[in-house]
Amino acid sequence: MTEKAIEIIDLKKKYANRVEALKGISFSVEKGDFIALLGPNGAGKSTTIGVICSLVNKSSGTVKVFGHSIDSELEAAKRCIGLVPQEFNFSQFETCRQIVVTQAGYYGVTRAVANERAEKILKQLALWEKRDTQARELSGGMKRRLMIARALMHEPKVLILDEPTAGVDIEIRRSMWEFLTKINKQGTTIVLTTHYLEEAEQLCRNIAIINHGEIIENTTMKDLISRLDRETFVLDVDKTPQEFPCIDEVCFRHRDDSSIEIDVPKSAALNNVFEWLTKQEIKVLSMRNKSNRLEELFVQLTEKNNEN
Amino acid sequence: MFNRESLIALQSICIKEITRYFRIWVQTLLPPAITMTLYFVIFGQLIGQRVGQMGGVSYMEYIAPGIIMMSVITNSYSNVVSSFFSAKFQRSIEEMLVSPVPTVYILLGYIFGGVSRGLLTGVIVTIVASQFVSFQVNSWPVVIFVVTLTSMLFATGGLVNAIFAKKFDDISIVPTFILTPLTYLGGVFYSIKLLPEFWQTVSLANPILYMVNAFRYGFLGFSDINITNALILISLFIVGLLSLAYYLLSKGIGIRT
């Protein structure tokens, strides 16, 4: 049986203002997994993470981290977790090195060992040059990386990232993806919340979708994507056709003077579509998904849940 | 709880706190030296010469222990209240909350920060005072014991204030409207024996009076109040405030949702 990194059973949270953020959610994360926790704003993602990391007091339910209950073995549970929160939460006046070394100290790592780890991790995250710079002087992307570095200082078994790439440029986002993939391959379990669904699709093997404090989907990324019955593609063309037919269930739609859209069912082939375009002497310059596949599913699932 | 990891965590909090107030020494260590120099020049030398003797010693000698104690009280308090509230405000307190540092070590770490700054400013003010007055010390143990306990007491008070504070105004209300008046009315500049009997009795309800007088006893060997009562009172306040601070921190009041 696979070891569970995180096990949540019937977790409920009602805030003092009577908002019921979590209505009894249950899900688990297997050791070594890379799971996305998705949901619209206010769905309960950050509350769930807050409870796991004991920043939020739960109303009821059970949370275990590598078998350690946060009720009876909180310290052991905390040792297993590294948290990268959504908002910058370090002292703006401390240097990068002070922030990460102090954090390691909170986990009982001696200063000598912490200094060695700080050098290694800050170098991996391209922050070593900024080691003696105060946090407030860093760019947004650097601050995000600093929070990842800080979370890794005690070598946690599970890393929880709450929208780690929000507001960072594409290049840094890609380098962060590479880094996260690398540490996941080395054995660190990763739980990721993000609004970039492309990011979730790219990185995660499993997915849990939370909406209005309830888990509405918990499956593998592959399974979820396979449920998508139709995709929309945008074709950039040198000229648009005179008519917009449906060929083998693939229907054309006018978009603008230089592009058309096609709705492609899962089972349909595109050969005849291109053949027809060729006969019309229309040159296809490029082709792309109109929206991310996961995004379409996400919208479908949350809308269905909202109707219910 | 008293394992090596926890002690390393405590060390980290202490280093962080000390580094913080040394980083901003112009705001934390320099002002007490300047303010207290003014007190000695104005109250001690200029006005003091006209006041003459108090309790059998010069006025300057009389007020020196109280002025030192005043700087210890305000600095112990303000260090913890501003450090802890800043950590809450910037949410860097979460660094500690997600880690396995036991609550008692968070409490001790912050109190250590406040006590160390309080005592350090006490030493600075004593050095300043020694330029104006030659010190006699009646009892070193009483001096050290009283100043350390008082510093602990106000550091803990600062922590409780910071736990409840929701905005920056909330951390200045207690020092401005409670601490400063009580300190000025706590016998720093005068003996309560100079007051009418009614106000002498009222003054006995001021806890700072006991601390200032106990500290003065350590230097000069006389006091307006009974030393044993003063030590018992300070100890009771410490136990009460420490218990409250521990309860608030462990319940996550003001820091967890």
# chains A, B, ... in the order shown; residues from 1 in each chain; ligands from 1

$ residues_around --residues "range 44-50 of chain B" --least-positions-apart "5" --cutoff "7 Å" --atoms "only C-alpha atoms" --output "list in words"
Tyr39, Tyr59 and Met60 of chain B

$ write_last_selection --atoms "N, CA and C atoms" --output "short mmCIF file (atom, residue, chain, number, x, y, z; two decimals), in the first residue's frame"
data_model
loop_
_atom_site.label_atom_id
_atom_site.label_comp_id
_atom_site.auth_asym_id
_atom_site.auth_seq_id
_atom_site.Cartn_x
_atom_site.Cartn_y
_atom_site.Cartn_z
N TYR B 39 17.25 64.49 30.62
CA TYR B 39 16.66 64.41 31.96
C TYR B 39 17.70 64.80 33.03
N TYR B 59 19.59 65.41 44.69
CA TYR B 59 18.42 65.10 43.85
C TYR B 59 18.85 64.28 42.63
N MET B 60 20.03 64.62 42.11
CA MET B 60 20.56 63.89 40.95
C MET B 60 20.73 62.40 41.28
#

$ interface_residues --of "chain B" --to "chain A" --cutoff "10 Å" --atoms "only C-alpha atoms" --output "MDAnalysis selection string"
chainID B and resid 3:13 15:16 19:20 23 86:102 106 251:252 255:257

$ write_last_selection --atoms "C-alpha atoms" --output "short mmCIF file (atom, residue, chain, number, x, y, z; two decimals), in the first residue's frame"
data_model
loop_
_atom_site.label_atom_id
_atom_site.label_comp_id
_atom_site.auth_asym_id
_atom_site.auth_seq_id
_atom_site.Cartn_x
_atom_site.Cartn_y
_atom_site.Cartn_z
CA ASN B 3 15.27 18.92 23.21
CA ARG B 4 18.19 20.18 21.15
CA GLU B 5 16.01 21.20 18.18
CA SER B 6 13.85 23.40 20.37
CA LEU B 7 16.88 25.06 21.92
CA ILE B 8 18.28 25.78 18.44
CA ALA B 9 14.88 27.28 17.55
CA LEU B 10 15.03 29.47 20.66
CA GLN B 11 18.55 30.56 19.72
CA SER B 12 17.29 31.49 16.25
CA ILE B 13 14.49 33.66 17.65
CA ILE B 15 19.47 36.07 17.31
CA LYS B 16 16.71 37.39 15.04
CA THR B 19 19.80 41.52 15.06
CA ARG B 20 16.56 43.46 14.58
CA ARG B 23 19.96 46.92 12.70
CA SER B 86 5.50 43.94 12.84
CA ALA B 87 5.78 40.16 12.49
CA LYS B 88 1.98 39.95 12.62
CA PHE B 89 1.56 42.86 10.22
CA GLN B 90 4.06 41.51 7.67
CA ARG B 91 2.78 37.99 8.39
CA SER B 92 6.34 36.83 9.05
CA ILE B 93 4.98 35.39 12.31
CA GLU B 94 3.75 32.58 10.05
CA GLU B 95 7.37 31.49 9.66
CA MET B 96 7.25 30.45 13.30
CA LEU B 97 3.68 29.23 13.33
CA VAL B 98 4.22 26.68 10.55
CA SER B 99 7.41 25.44 12.17
CA PRO B 100 7.59 23.02 15.10
CA VAL B 101 8.86 25.64 17.58
CA PRO B 102 6.99 25.01 20.85
CA ILE B 106 8.32 31.63 20.96
CA LYS B 251 -4.67 29.29 21.46
CA GLY B 252 -3.48 31.31 18.48
CA ILE B 255 -2.40 35.19 15.11
CA ARG B 256 -4.41 32.23 13.79
CA THR B 257 -7.85 32.34 12.19
#

$ residues_around --residues "range 252-264 of chain A" --least-positions-apart "6" --cutoff "10 Å" --atoms "only C-alpha atoms" --output "list in words"
Asp229, Arg230, Glu231, Thr232, Phe233, Val234, Leu235, Asp236, Val237, Asp238, Lys239, Thr240, Pro241, Gln242, Glu243, Phe244, Pro245, Cys246, Leu270, Val273, Val284, Leu285, Ser286, Met287, Arg288, Asn289 and Lys290 of chain A

$ select_by_dssp --residues "range 122-257 of chain B" --states "alpha helix (DSSP H)" --output "PyMOL selection string"
chain B and resi 122-129+140-164+168-174+180-184+197-203+207-220+227-251

$ residues_around --residues "Asn226 in chain B" --least-positions-apart "5" --cutoff "9 Å" --atoms "only C-alpha atoms" --output "PyMOL selection string"
chain B and resi 210+213-214+231

$ write_last_selection --atoms "C-alpha atoms" --output "mmCIF file, in the first residue's frame"
data_model
loop_
_atom_site.group_PDB
_atom_site.id
_atom_site.type_symbol
_atom_site.label_atom_id
_atom_site.label_comp_id
_atom_site.auth_asym_id
_atom_site.auth_seq_id
_atom_site.Cartn_x
_atom_site.Cartn_y
_atom_site.Cartn_z
ATOM 1 C CA TYR B 210 7.266 49.295 43.604
ATOM 2 C CA ASN B 213 11.615 51.982 44.656
ATOM 3 C CA ALA B 214 12.991 48.457 44.810
ATOM 4 C CA LEU B 231 9.509 41.692 44.913
#

$ atom_distance --atom1 "CA of Val191 in chain A" --atom2 "CA of Ala5 in chain A"
10.0 Å

$ residues_around --residues "range 24-35 of chain A" --least-positions-apart "2" --cutoff "7 Å" --atoms "only C-alpha atoms" --output "NGL selection string"
:A and (2-12 or 22 or 37 or 184 or 187-192 or 204-207 or 214-215)

$ atom_distance --atom1 "CA of Val65 in chain A" --atom2 "CA of Ala208 in chain A"
17.3 Å

$ closest_residue --among "B:Glu197, B:Met152, B:Thr180, B:Ser243" --to "Thr103 in chain B" --atoms "only C-alpha atoms"
B:Ser243

$ residues_around --residues "Val143 in chain B" --least-positions-apart "2" --cutoff "9 Å" --atoms "only C-alpha atoms" --output "list in words"
Val137, Asn138, Ser139, Trp140, Pro141, Phe145, Val146, Val147, Thr148, Ala214, Phe215, Arg216, Tyr217, Gly218 and Phe219 of chain B

$ residues_around --residues "Leu153 in chain B" --least-positions-apart "3" --cutoff "6 Å" --atoms "only C-alpha atoms" --output "count of residues only"
3

$ atom_distance --atom1 "CA of Phe237 in chain B" --atom2 "CA of Asp169 in chain B"
25.1 Å
